[in-house]
$ cat data.json   # JSON, C-alpha atoms
[["chain", "number", "residue", "atom", "x", "y", "z"],
["A", 3, "MET", "CA", 94.79, 105.04, 50.45],
["A", 4, "SER", "CA", 91.83, 107.01, 51.74],
["A", 5, "LEU", "CA", 88.24, 106.03, 50.98],
["A", 6, "LEU", "CA", 88.11, 108.97, 48.59],
["A", 7, "ASP", "CA", 91.13, 107.58, 46.73],
["A", 8, "ASN", "CA", 89.36, 104.24, 46.51],
["A", 9, "ILE", "CA", 86.33, 105.81, 44.83],
["A", 10, "ASN", "CA", 88.57, 106.34, 41.83],
["A", 11, "LYS", "CA", 90.30, 102.97, 42.20],
["A", 12, "ARG", "CA", 87.37, 100.56, 42.59],
["A", 13, "LYS", "CA", 85.50, 98.51, 40.06],
["A", 14, "SER", "CA", 82.95, 95.72, 40.40],
["A", 15, "GLU", "CA", 84.97, 92.50, 40.43],
["A", 16, "ARG", "CA", 83.37, 89.65, 38.50],
["A", 17, "ASP", "CA", 86.30, 87.29, 38.01],
["A", 18, "PHE", "CA", 87.24, 85.96, 41.45],
["A", 19, "ASP", "CA", 89.98, 83.57, 42.47],
["A", 20, "SER", "CA", 88.11, 80.60, 43.97],
["A", 21, "SER", "CA", 90.67, 79.97, 46.74],
["A", 22, "PHE", "CA", 89.89, 80.81, 50.35],
["A", 23, "LEU", "CA", 91.40, 83.77, 52.17],
["A", 24, "ASP", "CA", 93.79, 83.43, 55.08],
["A", 25, "GLU", "CA", 92.54, 83.96, 58.63],
["A", 26, "ASN", "CA", 94.28, 87.32, 59.04],
["A", 27, "THR", "CA", 92.60, 88.74, 55.93],
["A", 28, "LEU", "CA", 89.21, 87.40, 57.00],
["A", 29, "ASN", "CA", 89.66, 89.09, 60.38],
["A", 30, "LYS", "CA", 90.39, 92.39, 58.64],
["A", 31, "ILE", "CA", 87.25, 91.97, 56.55],
["A", 32, "GLN", "CA", 85.15, 91.20, 59.60],
["A", 33, "THR", "CA", 86.52, 94.35, 61.27],
["A", 34, "ILE", "CA", 85.49, 96.39, 58.23],
["A", 35, "PHE", "CA", 81.97, 95.00, 58.35],
["A", 36, "ASP", "CA", 81.70, 95.50, 62.11],
["A", 37, "SER", "CA", 82.79, 99.15, 61.80],
["A", 38, "SER", "CA", 80.50, 100.07, 58.90],
["A", 39, "PRO", "CA", 78.55, 103.27, 59.65],
["A", 40, "HIS", "CA", 74.79, 103.54, 60.04],
["A", 41, "LEU", "CA", 72.80, 106.19, 58.26],
["A", 42, "PHE", "CA", 69.96, 106.25, 60.78],
["A", 43, "GLU", "CA", 69.89, 105.74, 64.53],
["A", 44, "GLY", "CA", 68.12, 102.50, 65.30],
["A", 45, "ILE", "CA", 68.72, 100.86, 61.91],
["A", 46, "LYS", "CA", 71.83, 98.70, 62.06],
["A", 47, "THR", "CA", 73.16, 96.69, 59.13],
["A", 48, "LYS", "CA", 74.54, 93.25, 59.98],
["A", 49, "TYR", "CA", 76.94, 91.28, 57.79],
["A", 50, "HIS", "CA", 76.86, 87.48, 57.67],
["A", 51, "ILE", "CA", 79.86, 85.96, 55.89],
["A", 52, "ILE", "CA", 79.39, 82.62, 54.14],
["A", 53, "ASP", "CA", 81.83, 80.67, 52.01],
["A", 54, "SER", "CA", 81.34, 78.00, 49.37],
["A", 55, "ASN", "CA", 81.35, 75.28, 52.07],
["A", 56, "ASN", "CA", 78.36, 76.82, 53.84],
["A", 57, "SER", "CA", 74.98, 75.15, 53.25],
["A", 58, "LEU", "CA", 73.41, 78.57, 52.57],
["A", 59, "TYR", "CA", 75.82, 79.08, 49.68],
["A", 60, "LYS", "CA", 74.00, 76.37, 47.75],
["A", 61, "GLU", "CA", 70.65, 78.08, 48.34],
["A", 62, "ILE", "CA", 71.69, 81.19, 46.41],
["A", 63, "LYS", "CA", 70.32, 81.11, 42.88],
["A", 64, "GLY", "CA", 71.26, 83.16, 39.85],
["A", 65, "ILE", "CA", 73.82, 85.52, 41.37],
["A", 66, "ILE", "CA", 73.73, 88.67, 39.28],
["A", 67, "GLY", "CA", 76.12, 91.61, 39.45],
["A", 68, "SER", "CA", 75.35, 94.35, 36.98],
["A", 69, "ASN", "CA", 74.35, 92.32, 33.91],
["A", 70, "LYS", "CA", 76.67, 89.35, 34.37],
["A", 71, "LYS", "CA", 76.62, 86.30, 36.58],
["A", 72, "VAL", "CA", 79.12, 86.36, 39.42],
["A", 73, "SER", "CA", 80.73, 83.48, 41.28],
["A", 74, "SER", "CA", 82.94, 84.14, 44.28],
["A", 75, "PRO", "CA", 84.28, 82.09, 47.20],
["A", 76, "TYR", "CA", 82.57, 84.38, 49.72],
["A", 77, "TYR", "CA", 79.37, 86.34, 50.12],
["A", 78, "ALA", "CA", 78.43, 88.83, 52.78],
["A", 79, "ILE", "CA", 74.70, 88.73, 53.37],
["A", 80, "LEU", "CA", 73.44, 92.09, 54.62],
["A", 81, "THR", "CA", 70.46, 92.06, 56.95],
["A", 82, "THR", "CA", 68.68, 94.81, 58.80],
["A", 83, "GLU", "CA", 65.50, 95.71, 60.63],
["A", 84, "TYR", "CA", 62.45, 96.39, 58.49],
["A", 85, "LYS", "CA", 61.93, 100.09, 59.22],
["A", 86, "PRO", "CA", 61.37, 103.23, 57.11],
["A", 87, "GLY", "CA", 64.64, 104.08, 55.38],
["A", 88, "TYR", "CA", 66.21, 100.64, 55.80],
["A", 89, "ARG", "CA", 67.11, 100.33, 52.12],
["A", 90, "GLN", "CA", 68.95, 103.67, 52.07],
["A", 91, "SER", "CA", 70.69, 102.63, 55.29],
["A", 92, "LEU", "CA", 71.83, 99.36, 53.67],
["A", 93, "GLY", "CA", 73.31, 101.27, 50.75],
["A", 94, "TYR", "CA", 75.12, 103.73, 53.00],
["A", 95, "SER", "CA", 76.73, 100.91, 54.99],
["A", 96, "LEU", "CA", 77.72, 98.76, 52.03],
["A", 97, "ALA", "CA", 79.31, 101.75, 50.23],
["A", 98, "TYR", "CA", 81.76, 102.08, 53.12],
["A", 99, "SER", "CA", 82.39, 98.35, 53.10],
["A", 100, "VAL", "CA", 83.15, 97.88, 49.40],
["A", 101, "LEU", "CA", 85.52, 100.88, 49.38],
["A", 102, "SER", "CA", 87.27, 99.57, 52.50],
["A", 103, "LEU", "CA", 87.59, 96.09, 50.99],
["A", 104, "ASN", "CA", 89.14, 97.64, 47.92],
["A", 105, "ASN", "CA", 91.65, 99.38, 50.16],
["A", 106, "ILE", "CA", 93.04, 96.05, 51.39],
["A", 107, "GLY", "CA", 93.12, 94.50, 47.92],
["A", 108, "ILE", "CA", 89.86, 92.55, 48.14],
["A", 109, "GLY", "CA", 87.57, 92.73, 45.14],
["A", 110, "SER", "CA", 83.82, 93.01, 45.57],
["A", 111, "CYS", "CA", 80.61, 93.08, 43.61],
["A", 112, "ILE", "CA", 77.15, 94.07, 44.84],
["A", 113, "VAL", "CA", 74.86, 91.25, 43.77],
["A", 114, "TYR", "CA", 71.14, 90.61, 43.52],
["A", 115, "PRO", "CA", 70.40, 86.90, 43.89],
["A", 116, "SER", "CA", 67.11, 85.11, 44.11],
["A", 117, "PHE", "CA", 66.74, 83.15, 47.34],
["A", 118, "ASN", "CA", 64.21, 81.70, 49.72],
["A", 119, "GLU", "CA", 63.72, 84.38, 52.39],
["A", 120, "GLU", "CA", 62.35, 81.92, 54.95],
["A", 121, "ILE", "CA", 65.32, 79.56, 54.64],
["A", 122, "PHE", "CA", 67.77, 82.43, 55.08],
["A", 123, "LYS", "CA", 65.78, 83.86, 57.98],
["A", 124, "LYS", "CA", 65.93, 80.54, 59.78],
["A", 125, "LYS", "CA", 69.59, 79.74, 59.03],
["A", 126, "LEU", "CA", 70.79, 83.23, 59.96],
["A", 127, "LYS", "CA", 68.55, 83.26, 63.06],
["A", 128, "LEU", "CA", 66.99, 86.57, 62.14],
["A", 129, "LYS", "CA", 64.39, 88.21, 64.32],
["A", 130, "GLU", "CA", 60.83, 88.57, 63.12],
["A", 131, "ASN", "CA", 61.34, 92.18, 62.01],
["A", 132, "GLU", "CA", 64.72, 91.57, 60.31],
["A", 133, "VAL", "CA", 65.06, 91.13, 56.54],
["A", 134, "THR", "CA", 67.74, 90.10, 54.08],
["A", 135, "GLY", "CA", 68.62, 93.16, 52.04],
["A", 136, "ILE", "CA", 71.43, 92.59, 49.56],
["A", 137, "PHE", "CA", 74.62, 90.57, 49.05],
["A", 138, "ILE", "CA", 78.28, 91.44, 48.49],
["A", 139, "ALA", "CA", 80.41, 88.93, 46.60],
["A", 140, "PHE", "CA", 84.04, 89.26, 47.61],
["A", 141, "GLY", "CA", 87.46, 87.65, 47.33],
["A", 142, "ARG", "CA", 90.81, 87.97, 45.58],
["A", 143, "SER", "CA", 90.77, 88.94, 41.93],
["A", 144, "LYS", "CA", 91.75, 86.18, 39.53],
["A", 145, "ASP", "CA", 93.74, 88.82, 37.64],
["A", 146, "PRO", "CA", 95.54, 90.99, 40.25],
["A", 147, "LEU", "CA", 97.25, 93.08, 37.57],
["A", 148, "ASN", "CA", 93.83, 94.34, 36.47],
["A", 149, "PHE", "CA", 92.43, 94.87, 39.97],
["A", 150, "TYR", "CA", 92.18, 98.62, 39.47],
["A", 151, "PRO", "CA", 89.93, 99.98, 36.71],
["A", 152, "LYS", "CA", 91.18, 101.41, 33.45],
["A", 153, "PRO", "CA", 89.91, 104.92, 32.58],
["A", 154, "SER", "CA", 87.54, 103.37, 30.03],
["A", 155, "TYR", "CA", 85.90, 101.14, 32.66],
["A", 156, "TYR", "CA", 83.36, 103.62, 33.96],
["A", 157, "LYS", "CA", 80.22, 103.92, 31.87],
["A", 158, "ARG", "CA", 78.51, 106.77, 33.66],
["A", 159, "ARG", "CA", 76.25, 109.69, 32.98],
["A", 160, "ASP", "CA", 77.88, 113.04, 32.33],
["A", 161, "ILE", "CA", 77.69, 115.53, 35.17],
["A", 162, "GLU", "CA", 75.37, 117.63, 33.03],
["A", 163, "ASP", "CA", 72.87, 114.74, 33.01],
["A", 164, "ILE", "CA", 72.98, 114.44, 36.80],
["A", 165, "VAL", "CA", 72.57, 118.14, 37.64],
["A", 166, "LEU", "CA", 69.01, 119.29, 36.98],
["A", 167, "SER", "CA", 69.51, 122.91, 37.97],
["A", 168, "GLY", "CA", 72.04, 125.28, 39.50],
["A", 169, "GLU", "CA", 75.60, 126.47, 39.03],
["A", 170, "ILE", "CA", 78.44, 124.02, 39.68],
["A", 171, "SER", "CA", 80.87, 125.41, 42.26],
["A", 172, "PRO", "CA", 84.36, 124.01, 42.97],
["A", 173, "ILE", "CA", 83.02, 122.10, 45.98],
["A", 174, "SER", "CA", 79.96, 120.71, 44.21],
["A", 175, "LYS", "CA", 82.26, 119.66, 41.33],
["A", 176, "LEU", "CA", 84.32, 117.58, 43.78],
["A", 177, "VAL", "CA", 81.12, 115.95, 45.03],
["A", 178, "LEU", "CA", 79.78, 115.29, 41.54],
["A", 179, "ASP", "CA", 83.06, 113.75, 40.38],
["A", 180, "SER", "CA", 82.72, 111.19, 43.19],
["A", 181, "LEU", "CA", 78.98, 110.69, 42.85],
["A", 182, "ARG", "CA", 79.06, 109.79, 39.18],
["A", 183, "LEU", "CA", 81.45, 106.90, 39.97],
["A", 184, "ALA", "CA", 79.13, 105.35, 42.57],
["A", 185, "PRO", "CA", 77.92, 101.83, 41.76],
["A", 186, "SER", "CA", 74.21, 101.28, 41.24],
["A", 187, "SER", "CA", 71.85, 98.41, 40.47],
["A", 188, "PHE", "CA", 72.23, 97.51, 36.81],
["A", 189, "ASN", "CA", 74.10, 100.80, 36.35],
["A", 190, "SER", "CA", 70.79, 102.67, 36.60],
["A", 191, "GLN", "CA", 72.38, 105.73, 38.30],
["A", 192, "PRO", "CA", 69.08, 107.00, 39.75],
["A", 193, "TRP", "CA", 70.49, 110.08, 41.53],
["A", 194, "ARG", "CA", 69.78, 113.62, 40.42],
["A", 195, "ILE", "CA", 71.04, 116.88, 41.89],
["A", 196, "TYR", "CA", 69.62, 120.38, 42.35],
["A", 197, "LEU", "CA", 72.27, 122.92, 43.28],
["A", 198, "GLU", "CA", 71.78, 126.11, 45.24],
["A", 199, "GLU", "CA", 74.33, 128.33, 46.93],
["A", 200, "ASN", "CA", 76.11, 126.11, 49.48],
["A", 201, "LYS", "CA", 73.41, 123.42, 49.11],
["A", 202, "ILE", "CA", 73.19, 120.12, 47.30],
["A", 203, "HIS", "CA", 69.68, 118.66, 47.04],
["A", 204, "LEU", "CA", 69.80, 114.91, 46.44],
["A", 205, "LEU", "CA", 66.91, 113.30, 44.58],
["A", 206, "ARG", "CA", 65.99, 109.89, 43.19],
["A", 207, "VAL", "CA", 64.65, 109.95, 39.65],
["A", 208, "LYS", "CA", 60.99, 109.03, 39.36],
["A", 209, "LEU", "CA", 60.27, 105.87, 37.38],
["A", 210, "GLY", "CA", 57.34, 104.77, 35.29],
["A", 211, "PHE", "CA", 55.01, 102.02, 36.52],
["A", 212, "ILE", "CA", 56.91, 99.08, 35.02],
["A", 213, "LYS", "CA", 60.40, 100.31, 35.87],
["A", 214, "SER", "CA", 59.26, 101.23, 39.35],
["A", 215, "ALA", "CA", 58.17, 97.65, 40.01],
["A", 216, "LEU", "CA", 61.56, 96.37, 38.85],
["A", 217, "PHE", "CA", 63.97, 98.94, 40.26],
["A", 218, "GLU", "CA", 62.42, 101.09, 42.99],
["A", 219, "SER", "CA", 63.53, 98.90, 45.88],
["A", 220, "LEU", "CA", 67.09, 98.56, 44.58],
["A", 221, "ASN", "CA", 67.30, 102.23, 43.63],
["A", 222, "LYS", "CA", 66.62, 103.18, 47.24],
["A", 223, "ILE", "CA", 69.71, 101.18, 48.19],
["A", 224, "ASP", "CA", 71.56, 103.01, 45.42],
["A", 225, "MET", "CA", 70.61, 106.33, 47.00],
["A", 226, "GLY", "CA", 72.24, 105.30, 50.26],
["A", 227, "ILE", "CA", 75.40, 104.52, 48.31],
["A", 228, "ALA", "CA", 75.20, 107.92, 46.61],
["A", 229, "LEU", "CA", 74.88, 109.74, 49.91],
["A", 230, "PHE", "CA", 77.91, 107.98, 51.35],
["A", 231, "TYR", "CA", 80.00, 108.90, 48.30],
["A", 232, "ILE", "CA", 78.95, 112.54, 48.70],
["A", 233, "LEU", "CA", 79.66, 112.71, 52.43],
["A", 234, "VAL", "CA", 82.98, 110.87, 52.36],
["A", 235, "THR", "CA", 84.17, 113.35, 49.74],
["A", 236, "LEU", "CA", 83.25, 116.32, 51.92],
["A", 237, "LYS", "CA", 84.74, 114.73, 55.05],
["A", 238, "GLU", "CA", 88.06, 113.84, 53.46],
["A", 239, "LYS", "CA", 88.37, 117.30, 51.92],
["A", 240, "ASN", "CA", 87.73, 118.78, 55.41],
["A", 241, "ILE", "CA", 84.62, 120.63, 54.23],
["A", 242, "GLU", "CA", 82.10, 121.31, 56.99],
["A", 243, "PHE", "CA", 78.55, 120.23, 56.20],
["A", 244, "SER", "CA", 75.21, 119.41, 57.73],
["A", 245, "LEU", "CA", 72.27, 117.28, 56.60],
["A", 246, "ILE", "CA", 68.90, 119.00, 56.54],
["A", 247, "LYS", "CA", 65.41, 118.35, 55.24],
["A", 248, "GLU", "CA", 63.74, 121.12, 53.25],
["A", 249, "PRO", "CA", 60.39, 121.44, 51.47],
["A", 250, "PHE", "CA", 61.26, 120.47, 47.94],
["A", 251, "ASN", "CA", 58.82, 119.65, 45.16],
["A", 252, "ASN", "CA", 59.59, 118.82, 41.55],
["A", 253, "GLU", "CA", 58.29, 116.58, 38.80],
["A", 254, "ILE", "CA", 61.50, 114.73, 38.00],
["A", 255, "GLY", "CA", 62.79, 113.27, 41.24],
["A", 256, "GLU", "CA", 61.83, 112.09, 44.72],
["A", 257, "TYR", "CA", 63.56, 114.31, 47.27],
["A", 258, "MET", "CA", 65.87, 112.54, 49.73],
["A", 259, "ILE", "CA", 68.04, 115.03, 51.63],
["A", 260, "THR", "CA", 69.89, 118.34, 51.41],
["A", 261, "ILE", "CA", 73.59, 118.67, 52.15],
["A", 262, "LYS", "CA", 74.49, 122.18, 53.27],
["A", 263, "TYR", "CA", 78.22, 122.91, 53.20],
["A", 264, "LYS", "CA", 80.51, 125.77, 54.14],
["A", 265, "GLU", "CA", 82.76, 127.37, 51.56],
["A", 266, "SER", "CA", 86.39, 127.48, 52.69]]
$ encode --input "data.json" --output "structure tokens"
Amino acid sequence: MSLLDNINKRKSERDFDSSFLDENTLNKIQTIFDSSPHLFEGIKTKYHIIDSNNSLYKEIKGIIGSNKKVSSPYYAILTTEYKPGYRQSLGYSLAYSVLSLNNIGIGSCIVYPSFNEEIFKKKLKLKENEVTGIFIAFGRSKDPLNFYPKPSYYKRRDIEDIVLSGEISPISKLVLDSLRLAPSSFNSQPWRIYLEENKIHLLRVKLGFIKSALFESLNKIDMGIALFYILVTLKEKNIEFSLIKEPFNNEIGEYMITIKYKES
């Protein structure tokens, strides 16, 4: 299947088989992580795989995926350099990775554990300017027959709630159908869209003071995921596009980027 096919075939796995994966499968997974794309030049996402025998595994507290606790035999710890845009870059990279894992029959869940940053920094031998960003739980599903989601699985906003302004064209409808299925922290779905002729303006919804303290950092990762879902849809439908920055002010969302595409 293509990555676009996997957008419609992936769900957050929370019920993992505790058994270890064979070496061949682990090599495939490592190849996926090593080939994950980078949103910005100079900001590379690294993946550190640990299993339940690793001493760091025991340092992870309260693994949360969506609103449920998650236990898996493996975690990928994503680290990156602390630079402007690093959270969006993390999201962009991990979106590729979870879709690619799905394609080889490996379940995954983006998780938000509490952990001691200094212990992880030391054990992973991170540089001074590198930080731990987010975790991916992964492994075989305990219930392979329910690996793919049922139609009722997705609890997502309607397209009309995502689009703030503009007329939905056939191409933007393709993009929106993918975007609304993107995973997000606690299913917050922070993305909003302004549509113009041949342009999609991507924004992150502005939060109040309390919600901002809780979700702003994670929502920036979510926006990187959203952008990947948009671009992979355009690429796999062979639609030419470019990324541009435009002056864009509004009261509802924080502007991220504009995707300009060519009608076929």
$ atom_distance --input "data.json" --atom1 "atom CA of Glu256 of chain A" --atom2 "atom CA of Phe117 of chain A"
29.5 Å
$ closest_residue --input "data.json" --among "A:Ser143, A:Leu6, A:Leu80, A:Asp53" --to "Asp36 of chain A" --atoms "only C-alpha atoms"
A:Leu80
$ closest_residue --input "data.json" --among "A:Lys237, A:Lys85, A:Lys46, A:Arg206" --to "Asn221 of chain A" --atoms "all atoms listed in the file"
A:Arg206
$ residues_around --input "data.json" --residues "Asn131 of chain A" --least-positions-apart "5" --cutoff "9 Å" --atoms "all atoms listed in the file" --output "JSON, numbers by chain"
{"A": [82, 83, 84, 85]}
$ closest_residue --input "data.json" --among "A:Gln191, A:Ser54, A:Asn26, A:Asn200" --to "Ile170 of chain A" --atoms "only C-alpha atoms"
A:Asn200
$ atom_distance --input "data.json" --atom1 "atom CA of Lys247 of chain A" --atom2 "atom CA of Ile164 of chain A"
20.3 Å
$ closest_residue --input "data.json" --among "A:Cys111, A:Ile261, A:Leu58, A:Ile173" --to "Glu15 of chain A" --atoms "all atoms listed in the file"
A:Cys111
$ residues_around --input "data.json" --residues "segment 103-107 of chain A" --least-positions-apart "6" --cutoff "12 Å" --atoms "all atoms listed in the file" --output "ChimeraX atom specification"
/A:3-15,23,26-35,38,78,96-97,138-151
$ atom_distance --input "data.json" --atom1 "atom CA of Glu162 of chain A" --atom2 "atom CA of Asn240 of chain A"
25.6 Å
$ closest_residue --input "data.json" --among "A:Pro86, A:Gly135, A:Gly255, A:Gly226" --to "Pro185 of chain A" --atoms "only C-alpha atoms"
A:Gly226
$ residues_around --input "data.json" --residues "Ser57 of chain A" --least-positions-apart "5" --cutoff "10 Å" --atoms "all atoms listed in the file" --output "ChimeraX atom specification"
/A:52,62,125
$ closest_residue --input "data.json" --among "A:Val234, A:Tyr156, A:Ser20, A:Leu92" --to "Asn189 of chain A" --atoms "only C-alpha atoms"
A:Tyr156
$ residues_near_point --input "data.json" --point "(63.1, 101.0, 42.8)" --cutoff "6 Å" --atoms "all atoms listed in the file" --output "PyMOL selection string"
chain A and resi 214+217-221
$ residues_near_point --input "data.json" --point "(79.0, 105.1, 49.2)" --cutoff "7 Å" --atoms "only C-alpha atoms" --output "PyMOL selection string"
chain A and resi 94+97-98+184+226-231
$ residues_around --input "data.json" --residues "Ile195 of chain A" --least-positions-apart "5" --cutoff "7 Å" --atoms "only C-alpha atoms" --output "PyMOL selection string"
chain A and resi 164-166+202-205
$ write_last_selection --input "data.json" --atoms "C-alpha atoms" --output "PDB file, in the coordinates of the input"
ATOM      1  CA  ILE A 164      72.980 114.440  36.800  1.00  0.00           C
ATOM      2  CA  VAL A 165      72.570 118.140  37.640  1.00  0.00           C
ATOM      3  CA  LEU A 166      69.010 119.290  36.980  1.00  0.00           C
ATOM      4  CA  ILE A 202      73.190 120.120  47.300  1.00  0.00           C
ATOM      5  CA  HIS A 203      69.680 118.660  47.040  1.00  0.00           C
ATOM      6  CA  LEU A 204      69.800 114.910  46.440  1.00  0.00           C
ATOM      7  CA  LEU A 205      66.910 113.300  44.580  1.00  0.00           C
TER       8      LEU A 205
END
